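The structure under discussion appears below in the form of C-alpha coordinates.
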Amino acid sequence: MSGSYHRPAHQVLRRHFPPDIEEKQPLRMIQTCSSSENDLSPSLVTLMLIIIGTECILGILANGFIAGINTAEWIHSKVLSTSGKILLFLGVSRIVLQSFMMLELTLSSTSPQFYNDDIMYHTFRGCFMFLNHCSLWFAAWLSVFYFVKVADFSYPLFLKLKWRISGLMPWLLQLSVFVSLGQSVLFFQNNYTMNCNNLFSLPSFNSTKKKSFAESAVINLVLFLNLGIFIPLIMFMLAATLLIISLKRHIFHMKSNATGSRDPSMEAHLGAIRAISYFLILYIFKVLALFLYMSNFFDINSPLNILCKIIMATYPVGHSILLIQDNPGLKRAWKRLQTQVHLYFKK
(Lines give C-alpha, C1' and ligand atoms only; values in the text may rest on other atoms or scores of the structure.)
Protein backbone atom coordinates (compact mmCIF):
# COMPACT_ATOMS: atom_id res chain seq x y z
CA MET A 1 0.00 0.00 0.00
CA SER A 2 2.88 2.33 0.67
CA GLY A 3 3.85 1.82 -2.92
CA SER A 4 0.76 3.54 -4.34
CA TYR A 5 1.49 6.91 -5.86
CA HIS A 6 -1.59 8.71 -4.56
CA ARG A 7 -4.43 8.00 -2.21
CA PRO A 8 -6.87 6.06 -4.40
CA ALA A 9 -10.05 7.23 -5.98
CA HIS A 10 -12.10 4.33 -4.66
CA GLN A 11 -12.07 3.71 -0.94
CA VAL A 12 -13.68 0.41 -0.04
CA LEU A 13 -15.23 -0.54 3.26
CA ARG A 14 -13.68 -3.93 3.97
CA ARG A 15 -15.79 -5.77 6.55
CA HIS A 16 -16.57 -9.46 6.93
CA PHE A 17 -19.78 -10.06 8.82
CA PRO A 18 -20.60 -13.48 10.25
CA PRO A 19 -24.02 -14.93 9.49
CA ASP A 20 -25.62 -13.47 12.62
CA ILE A 21 -24.40 -9.97 11.55
CA GLU A 22 -22.90 -9.44 15.02
CA GLU A 23 -19.64 -7.64 14.29
CA LYS A 24 -17.21 -6.93 17.09
CA GLN A 25 -14.26 -5.46 15.21
CA PRO A 26 -14.06 -1.68 14.70
CA LEU A 27 -14.49 -0.08 11.32
CA ARG A 28 -11.10 0.70 9.81
CA MET A 29 -10.01 2.98 7.02
CA ILE A 30 -8.55 0.63 4.44
CA GLN A 31 -7.32 2.21 1.25
CA THR A 32 -7.06 0.14 -1.89
CA CYS A 33 -4.51 0.74 -4.58
CA SER A 34 -5.63 2.28 -7.81
CA SER A 35 -4.08 3.44 -11.01
CA SER A 36 -2.73 6.91 -11.48
CA GLU A 37 -5.32 7.87 -14.09
CA ASN A 38 -6.86 10.36 -11.67
CA ASP A 39 -3.53 11.98 -10.74
CA LEU A 40 -3.43 15.74 -11.01
CA SER A 41 -1.39 17.28 -13.80
CA PRO A 42 1.79 19.10 -12.73
CA SER A 43 0.26 22.48 -13.64
CA LEU A 44 -2.79 21.87 -11.42
CA VAL A 45 -0.56 20.67 -8.58
CA THR A 46 1.52 23.84 -8.90
CA LEU A 47 -1.60 26.04 -8.98
CA MET A 48 -3.03 24.31 -5.91
CA LEU A 49 0.28 24.69 -4.07
CA ILE A 50 0.40 28.40 -4.92
CA ILE A 51 -3.19 29.12 -3.83
CA ILE A 52 -3.15 27.14 -0.60
CA GLY A 53 0.46 28.12 0.16
CA THR A 54 -0.37 31.83 -0.24
CA GLU A 55 -3.41 31.47 2.02
CA CYS A 56 -1.37 29.66 4.64
CA ILE A 57 1.43 32.24 4.58
CA LEU A 58 -1.05 35.11 4.94
CA GLY A 59 -2.80 33.21 7.73
CA ILE A 60 0.48 32.60 9.56
CA LEU A 61 1.33 36.32 9.31
CA ALA A 62 -2.12 37.47 10.48
CA ASN A 63 -2.29 35.00 13.35
CA GLY A 64 1.34 35.66 14.23
CA PHE A 65 0.41 39.33 14.58
CA ILE A 66 -2.55 38.47 16.83
CA ALA A 67 -0.49 36.10 18.98
CA GLY A 68 2.45 38.53 19.12
CA ILE A 69 0.37 41.51 20.24
CA ASN A 70 -1.34 39.52 23.01
CA THR A 71 1.96 37.96 24.12
CA ALA A 72 3.56 41.43 24.30
CA GLU A 73 0.63 42.70 26.34
CA TRP A 74 0.93 39.71 28.66
CA ILE A 75 4.66 40.30 29.20
CA HIS A 76 4.27 44.06 29.62
CA SER A 77 1.34 44.09 32.06
CA LYS A 78 1.97 40.66 33.67
CA VAL A 79 -1.71 39.87 33.14
CA LEU A 80 -3.81 39.07 30.08
CA SER A 81 -7.50 39.76 29.63
CA THR A 82 -9.91 36.89 29.00
CA SER A 83 -10.44 37.90 25.37
CA GLY A 84 -6.65 38.19 25.02
CA LYS A 85 -6.21 34.62 26.29
CA ILE A 86 -8.73 33.30 23.79
CA LEU A 87 -7.09 35.25 20.96
CA LEU A 88 -3.67 33.95 22.00
CA PHE A 89 -4.88 30.33 22.05
CA LEU A 90 -6.64 30.88 18.71
CA GLY A 91 -3.66 32.58 17.06
CA VAL A 92 -1.12 29.94 18.16
CA SER A 93 -3.39 27.05 17.13
CA ARG A 94 -3.88 28.55 13.68
CA ILE A 95 -0.17 29.20 13.19
CA VAL A 96 0.56 25.53 13.93
CA LEU A 97 -2.43 24.40 11.83
CA GLN A 98 -1.47 26.35 8.72
CA SER A 99 2.21 25.43 9.05
CA PHE A 100 1.09 21.80 9.27
CA MET A 101 -1.17 22.23 6.22
CA MET A 102 1.78 23.52 4.19
CA LEU A 103 3.92 20.58 5.33
CA GLU A 104 1.20 18.03 4.51
CA LEU A 105 0.48 19.59 1.11
CA THR A 106 4.17 19.66 0.24
CA LEU A 107 4.75 16.03 1.26
CA SER A 108 1.60 14.74 -0.46
CA SER A 109 2.60 16.51 -3.69
CA THR A 110 6.36 15.93 -3.74
CA SER A 111 6.81 12.68 -1.76
CA PRO A 112 3.58 10.71 -2.27
CA GLN A 113 5.10 7.31 -1.45
CA PHE A 114 6.30 8.56 1.94
CA TYR A 115 3.02 10.40 2.63
CA ASN A 116 0.84 7.45 1.56
CA ASP A 117 2.41 5.06 4.02
CA ASP A 118 -0.37 3.83 6.30
CA ILE A 119 1.10 5.01 9.59
CA MET A 120 2.28 8.34 8.18
CA TYR A 121 -1.03 9.04 6.42
CA HIS A 122 -3.18 8.33 9.49
CA THR A 123 -0.79 10.26 11.73
CA PHE A 124 -1.14 13.30 9.49
CA ARG A 125 -4.92 12.91 9.45
CA GLY A 126 -5.08 12.60 13.25
CA CYS A 127 -2.87 15.66 13.81
CA PHE A 128 -4.84 17.61 11.21
CA MET A 129 -8.09 16.73 12.97
CA PHE A 130 -6.70 17.74 16.39
CA LEU A 131 -5.46 21.15 15.19
CA ASN A 132 -8.68 21.90 13.30
CA HIS A 133 -10.87 20.96 16.25
CA CYS A 134 -8.80 23.13 18.62
CA SER A 135 -9.12 26.08 16.24
CA LEU A 136 -12.89 25.59 15.89
CA TRP A 137 -13.36 25.30 19.67
CA PHE A 138 -11.34 28.46 20.38
CA ALA A 139 -13.28 30.44 17.76
CA ALA A 140 -16.54 29.18 19.27
CA TRP A 141 -15.46 30.23 22.79
CA LEU A 142 -14.50 33.66 21.45
CA SER A 143 -18.00 34.03 20.01
CA VAL A 144 -19.56 32.83 23.28
CA PHE A 145 -17.42 35.25 25.31
CA TYR A 146 -18.34 38.25 23.14
CA PHE A 147 -22.01 37.26 23.31
CA VAL A 148 -22.01 36.97 27.11
CA LYS A 149 -20.15 40.27 27.57
CA VAL A 150 -22.00 42.34 24.96
CA ALA A 151 -25.57 40.94 24.88
CA ASP A 152 -28.20 42.51 27.09
CA PHE A 153 -30.53 39.86 28.50
CA SER A 154 -32.05 39.87 31.97
CA TYR A 155 -32.40 36.11 32.54
CA PRO A 156 -30.89 34.97 35.89
CA LEU A 157 -28.87 32.17 34.29
CA PHE A 158 -27.43 34.56 31.71
CA LEU A 159 -26.53 37.14 34.38
CA LYS A 160 -24.80 34.43 36.42
CA LEU A 161 -22.85 33.31 33.34
CA LYS A 162 -21.87 36.93 32.59
CA TRP A 163 -20.44 37.21 36.09
CA ARG A 164 -18.48 33.91 35.98
CA ILE A 165 -17.41 33.65 32.33
CA SER A 166 -13.98 35.24 32.84
CA GLY A 167 -13.05 32.74 35.55
CA LEU A 168 -14.40 29.76 33.64
CA MET A 169 -12.81 30.55 30.28
CA PRO A 170 -9.22 29.32 30.99
CA TRP A 171 -10.63 25.96 32.13
CA LEU A 172 -12.93 25.77 29.10
CA LEU A 173 -9.99 26.41 26.75
CA GLN A 174 -7.95 23.63 28.36
CA LEU A 175 -10.95 21.29 28.28
CA SER A 176 -11.33 21.98 24.56
CA VAL A 177 -7.74 20.86 23.97
CA PHE A 178 -8.34 17.56 25.80
CA VAL A 179 -11.64 16.97 23.98
CA SER A 180 -9.96 17.61 20.62
CA LEU A 181 -7.12 15.28 21.54
CA GLY A 182 -9.56 12.54 22.57
CA GLN A 183 -11.51 12.84 19.31
CA SER A 184 -8.29 12.68 17.30
CA VAL A 185 -7.11 9.54 19.11
CA LEU A 186 -10.48 7.88 18.42
CA PHE A 187 -10.20 8.93 14.79
CA PHE A 188 -6.72 7.40 14.54
CA GLN A 189 -7.90 4.12 16.09
CA ASN A 190 -11.19 3.85 14.17
CA ASN A 191 -10.37 4.98 10.68
CA TYR A 192 -13.06 4.34 8.10
CA THR A 193 -13.62 4.66 4.37
CA MET A 194 -16.48 4.91 1.94
CA ASN A 195 -16.68 4.36 -1.77
CA CYS A 196 -16.50 7.76 -3.48
CA ASN A 197 -18.89 7.00 -6.32
CA ASN A 198 -21.32 4.61 -4.62
CA LEU A 199 -21.17 5.09 -0.88
CA PHE A 200 -22.71 1.80 0.15
CA SER A 201 -22.23 -0.39 -2.90
CA LEU A 202 -21.01 -3.52 -1.15
CA PRO A 203 -21.10 -6.51 -3.53
CA SER A 204 -19.88 -8.91 -0.83
CA PHE A 205 -23.12 -8.38 1.10
CA ASN A 206 -25.68 -10.95 0.05
CA SER A 207 -28.66 -9.70 2.03
CA THR A 208 -30.42 -6.36 2.33
CA LYS A 209 -30.26 -6.71 6.10
CA LYS A 210 -26.47 -6.93 6.10
CA LYS A 211 -26.21 -3.98 3.72
CA SER A 212 -28.48 -1.85 5.92
CA PHE A 213 -26.38 -2.77 8.94
CA ALA A 214 -23.23 -1.62 7.14
CA GLU A 215 -24.89 1.64 6.11
CA SER A 216 -25.96 2.35 9.67
CA ALA A 217 -22.55 1.45 11.08
CA VAL A 218 -20.66 3.76 8.73
CA ILE A 219 -23.06 6.69 9.18
CA ASN A 220 -22.96 6.35 12.97
CA LEU A 221 -19.16 6.26 12.92
CA VAL A 222 -18.94 9.31 10.65
CA LEU A 223 -21.27 11.29 12.91
CA PHE A 224 -19.50 10.19 16.10
CA LEU A 225 -16.00 11.02 14.90
CA ASN A 226 -17.17 14.42 13.65
CA LEU A 227 -19.04 15.26 16.85
CA GLY A 228 -16.13 17.52 17.76
CA ILE A 229 -16.95 19.64 14.70
CA PHE A 230 -20.69 20.05 15.19
CA ILE A 231 -20.72 20.90 18.91
CA PRO A 232 -18.59 24.08 18.50
CA LEU A 233 -20.55 24.87 15.33
CA ILE A 234 -23.84 24.83 17.26
CA MET A 235 -22.27 26.92 20.05
CA PHE A 236 -20.92 29.44 17.55
CA MET A 237 -24.23 29.70 15.68
CA LEU A 238 -26.29 30.13 18.87
CA ALA A 239 -23.93 32.73 20.34
CA ALA A 240 -23.66 34.69 17.07
CA THR A 241 -27.42 34.57 16.42
CA LEU A 242 -28.36 35.66 19.96
CA LEU A 243 -25.75 38.43 19.86
CA ILE A 244 -27.16 39.72 16.57
CA ILE A 245 -30.68 39.66 18.07
CA SER A 246 -29.48 41.57 21.12
CA LEU A 247 -27.68 44.18 19.01
CA LYS A 248 -30.72 44.64 16.76
CA ARG A 249 -32.92 45.17 19.82
CA HIS A 250 -30.48 47.77 21.09
CA ILE A 251 -30.38 49.51 17.68
CA PHE A 252 -34.18 49.60 17.59
CA HIS A 253 -34.19 51.15 21.07
CA MET A 254 -31.62 53.78 20.00
CA LYS A 255 -33.62 54.60 16.87
CA SER A 256 -36.78 55.14 18.92
CA ASN A 257 -34.89 57.61 21.13
CA ALA A 258 -32.92 59.28 18.31
CA THR A 259 -33.31 63.03 17.89
CA GLY A 260 -31.79 63.58 14.48
CA SER A 261 -28.27 62.77 13.33
CA ARG A 262 -26.98 59.24 13.17
CA ASP A 263 -25.60 58.02 16.50
CA PRO A 264 -21.96 56.79 16.33
CA SER A 265 -22.91 54.07 18.81
CA MET A 266 -25.54 52.85 16.36
CA GLU A 267 -22.91 52.72 13.61
CA ALA A 268 -20.67 50.64 15.88
CA HIS A 269 -23.50 48.21 16.58
CA LEU A 270 -24.29 47.87 12.87
CA GLY A 271 -20.62 47.21 12.20
CA ALA A 272 -20.59 44.54 14.91
CA ILE A 273 -23.60 42.82 13.34
CA ARG A 274 -21.88 42.77 9.93
CA ALA A 275 -18.67 41.38 11.43
CA ILE A 276 -20.50 38.64 13.34
CA SER A 277 -22.43 37.70 10.20
CA TYR A 278 -19.16 37.36 8.26
CA PHE A 279 -17.68 35.26 11.07
CA LEU A 280 -20.72 32.98 11.02
CA ILE A 281 -20.63 32.48 7.23
CA LEU A 282 -16.89 31.70 7.26
CA TYR A 283 -17.28 29.33 10.20
CA ILE A 284 -20.11 27.35 8.57
CA PHE A 285 -18.18 26.95 5.31
CA LYS A 286 -15.09 25.85 7.22
CA VAL A 287 -17.00 23.21 9.20
CA LEU A 288 -18.73 21.82 6.09
CA ALA A 289 -15.44 21.63 4.17
CA LEU A 290 -13.67 19.95 7.10
CA PHE A 291 -16.49 17.42 7.54
CA LEU A 292 -16.46 16.44 3.85
CA TYR A 293 -12.66 16.27 3.74
CA MET A 294 -12.25 14.17 6.90
CA SER A 295 -15.12 11.85 5.93
CA ASN A 296 -13.45 10.88 2.61
CA PHE A 297 -16.54 11.52 0.52
CA PHE A 298 -14.43 12.59 -2.47
CA ASP A 299 -11.40 11.17 -4.22
CA ILE A 300 -8.25 12.93 -3.05
CA ASN A 301 -7.60 14.35 -6.52
CA SER A 302 -11.18 15.38 -7.27
CA PRO A 303 -11.99 19.10 -7.76
CA LEU A 304 -14.41 19.01 -4.80
CA ASN A 305 -11.73 17.65 -2.47
CA ILE A 306 -9.31 20.35 -3.63
CA LEU A 307 -12.05 22.95 -3.10
CA CYS A 308 -12.45 21.71 0.48
CA LYS A 309 -8.71 22.21 1.05
CA ILE A 310 -8.86 25.75 -0.33
CA ILE A 311 -11.86 26.62 1.88
CA MET A 312 -10.12 25.17 4.95
CA ALA A 313 -7.06 27.31 4.22
CA THR A 314 -9.19 30.42 3.53
CA TYR A 315 -11.07 30.41 6.83
CA PRO A 316 -8.16 31.05 9.26
CA VAL A 317 -6.75 33.97 7.26
CA GLY A 318 -10.18 35.49 6.53
CA HIS A 319 -11.39 35.22 10.13
CA SER A 320 -8.09 36.56 11.50
CA ILE A 321 -8.12 39.60 9.20
CA LEU A 322 -11.70 40.38 10.28
CA LEU A 323 -10.63 40.05 13.92
CA ILE A 324 -7.80 42.55 13.38
CA GLN A 325 -10.18 44.99 11.70
CA ASP A 326 -12.92 44.72 14.33
CA ASN A 327 -10.92 44.40 17.56
CA PRO A 328 -10.02 47.93 18.81
CA GLY A 329 -6.72 46.88 20.42
CA LEU A 330 -5.56 44.85 17.43
CA LYS A 331 -6.66 47.59 15.04
CA ARG A 332 -4.62 50.23 16.92
CA ALA A 333 -1.58 47.92 16.99
CA TRP A 334 -1.94 47.25 13.25
CA LYS A 335 -2.04 50.98 12.48
CA ARG A 336 1.07 51.53 14.61
CA LEU A 337 2.83 48.73 12.75
CA GLN A 338 1.84 50.21 9.39
CA THR A 339 3.22 53.59 10.46
CA GLN A 340 6.53 52.08 11.61
CA VAL A 341 6.91 50.05 8.39
CA HIS A 342 6.14 53.15 6.32
CA LEU A 343 8.73 55.21 8.21
CA TYR A 344 11.31 52.42 7.90
CA PHE A 345 11.00 52.20 4.12
CA LYS A 346 10.85 55.98 3.81
CA LYS A 347 14.24 56.26 5.48
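Labels used: A, B, ... for chains in the order of the C-alpha coordinates, numbers from 1 for residues in each chain, and numbers from 1 for ligands as shown.
Using only C-alpha atoms, the contacts of Gly84 of chain A at a cut-off of 12 Å, with sequence neighbours closer than 5 positions omitted, comprise Ile66, Ala67, Gly68, Ile69, Asn70, Thr71, Ala72, Glu73, Trp74, Val79, Phe89, Leu90, Gly91, Phe138, Leu142, Phe145, Tyr146, Ser166, Met169, Pro170, Leu323, Asn327, Gly329 and Leu330 of chain A.
Neighbouring residues of His319 of chain A at 9 Å or closer, counting only C-alpha atoms and skipping chain neighbours under 2 positions away, are Tyr278, Phe279, Leu282, Tyr283, Thr314, Tyr315, Pro316, Val317, Ile321, Leu322, Leu323 and Ile324 of chain A.
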Within 10 Å of Glu104 of chain A, counting only C-alpha atoms, which residues qualify if same-chain residues fewer than 5 places away don't, as a short mmCIF file (atom, residue, chain, number, x, y, z; two decimals) with all heavy atoms, in the first residue's frame?
```cif
data_model
loop_
_atom_site.label_atom_id
_atom_site.label_comp_id
_atom_site.auth_asym_id
_atom_site.auth_seq_id
_atom_site.Cartn_x
_atom_site.Cartn_y
_atom_site.Cartn_z
N GLN A 98 -1.78 25.99 10.10
CA GLN A 98 -1.47 26.35 8.72
C GLN A 98 -0.04 25.97 8.35
O GLN A 98 0.23 25.67 7.18
CB GLN A 98 -1.73 27.84 8.52
CG GLN A 98 -3.21 28.18 8.71
CD GLN A 98 -3.63 29.44 7.99
OE1 GLN A 98 -3.32 30.52 8.43
NE2 GLN A 98 -4.34 29.29 6.89
N SER A 99 0.87 25.96 9.31
CA SER A 99 2.21 25.43 9.05
C SER A 99 2.12 23.94 8.74
O SER A 99 2.79 23.43 7.82
CB SER A 99 3.12 25.66 10.26
OG SER A 99 3.23 27.04 10.56
N SER A 109 2.38 16.16 -2.29
CA SER A 109 2.60 16.51 -3.69
C SER A 109 3.98 16.11 -4.18
O SER A 109 4.14 15.73 -5.34
CB SER A 109 2.41 18.02 -3.90
OG SER A 109 1.12 18.43 -3.50
N THR A 110 4.99 16.18 -3.31
CA THR A 110 6.36 15.93 -3.74
C THR A 110 6.89 14.56 -3.32
O THR A 110 7.78 14.02 -3.98
CB THR A 110 7.30 17.01 -3.17
OG1 THR A 110 7.23 17.00 -1.74
CG2 THR A 110 6.88 18.39 -3.67
N SER A 111 6.35 13.99 -2.23
CA SER A 111 6.81 12.68 -1.76
C SER A 111 5.60 11.79 -1.47
O SER A 111 5.35 11.42 -0.32
CB SER A 111 7.66 12.83 -0.50
OG SER A 111 8.76 13.68 -0.72
N TYR A 115 4.26 9.90 2.03
CA TYR A 115 3.02 10.40 2.63
C TYR A 115 1.95 9.32 2.69
O TYR A 115 1.17 9.25 3.64
CB TYR A 115 2.52 11.61 1.84
CG TYR A 115 1.20 12.15 2.32
CD1 TYR A 115 1.11 12.94 3.46
CD2 TYR A 115 0.02 11.87 1.63
CE1 TYR A 115 -0.10 13.43 3.90
CE2 TYR A 115 -1.20 12.37 2.05
CZ TYR A 115 -1.26 13.15 3.20
OH TYR A 115 -2.47 13.64 3.62
N TYR A 121 0.20 8.42 6.89
CA TYR A 121 -1.03 9.04 6.42
C TYR A 121 -2.01 9.25 7.57
O TYR A 121 -2.58 10.34 7.75
CB TYR A 121 -1.67 8.17 5.34
CG TYR A 121 -2.99 8.68 4.84
CD1 TYR A 121 -3.05 9.73 3.93
CD2 TYR A 121 -4.18 8.13 5.29
CE1 TYR A 121 -4.25 10.21 3.47
CE2 TYR A 121 -5.40 8.61 4.84
CZ TYR A 121 -5.44 9.64 3.92
OH TYR A 121 -6.64 10.12 3.48
N PHE A 124 -0.85 11.97 10.01
CA PHE A 124 -1.14 13.30 9.49
C PHE A 124 -2.62 13.63 9.64
O PHE A 124 -2.97 14.75 10.04
CB PHE A 124 -0.73 13.39 8.01
CG PHE A 124 0.66 13.89 7.80
CD1 PHE A 124 1.71 13.02 7.55
CD2 PHE A 124 0.93 15.26 7.86
CE1 PHE A 124 3.00 13.49 7.36
CE2 PHE A 124 2.22 15.73 7.66
CZ PHE A 124 3.25 14.85 7.42
N ARG A 125 -3.49 12.66 9.33
CA ARG A 125 -4.92 12.91 9.45
C ARG A 125 -5.32 13.18 10.91
O ARG A 125 -6.13 14.05 11.19
CB ARG A 125 -5.71 11.71 8.90
CG ARG A 125 -5.94 11.74 7.39
CD ARG A 125 -6.81 12.93 7.02
NE ARG A 125 -7.01 13.07 5.60
CZ ARG A 125 -8.12 12.71 4.95
NH1 ARG A 125 -9.11 12.16 5.61
NH2 ARG A 125 -8.22 12.91 3.66
N PHE A 128 -4.05 16.60 11.90
CA PHE A 128 -4.84 17.61 11.21
C PHE A 128 -6.19 17.78 11.89
O PHE A 128 -6.68 18.91 12.06
CB PHE A 128 -5.02 17.18 9.75
CG PHE A 128 -5.74 18.17 8.90
CD1 PHE A 128 -5.10 19.32 8.46
CD2 PHE A 128 -7.06 17.96 8.52
CE1 PHE A 128 -5.77 20.25 7.66
CE2 PHE A 128 -7.73 18.87 7.73
CZ PHE A 128 -7.08 20.03 7.29
#
```
> If you count only C-alpha atoms, which residues fall within 9 Å of Ser246 of chain A, apart from same-chain ones fewer than 3 positions away, as a PyMOL selection string?
Replying inline: chain A and resi 147+150-153+241-243+249-251
>> Which residue is closest to Lys248 of chain A? Choose from A:Val144, A:Leu47, A:Ile273, A:Met102 and count only C-alpha atoms.
In response: A:Ile273
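With only C-alpha atoms as the atoms that count, the residue of A:Phe297, A:Ile51, A:Pro232, A:Ile119 with the shortest distance to Ile284 of chain A is A:Pro232.
Take the candidates A:Ile311, A:Ile300, A:Leu44, A:Ala272 and check each one against Lys286 of chain A using only C-alpha atoms; the shortest distance goes to A:Ile311.
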>> Taking 2 positions as the minimum chain separation for residues in the same chain, which residues sit within 9 Å of Met235 of chain A when counting only C-alpha atoms? Answer as a list in words.
In response: Ala140, Trp141, Ser143, Val144, Phe230, Ile231, Pro232, Leu233, Met237, Leu238, Ala239 and Ala240 of chain A
> Suppose you want the space between atom CA of Gly228 of chain A and atom CA of Arg164 of chain A; what is it in Å?
Replying inline: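 Computed distance, atom CA of Gly228 of chain A to atom CA of Arg164 of chain A, equals 24.6 Å.
Relative to atom CA of Leu97 of chain A, atom CA of Cys127 of chain A is found at 9.0 Å.
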>> If I take atom CA of Phe236 of chain A and atom CA of Leu136 of chain A, how far is one from the other in Å, to one decimal?
In response: 9.1 Å
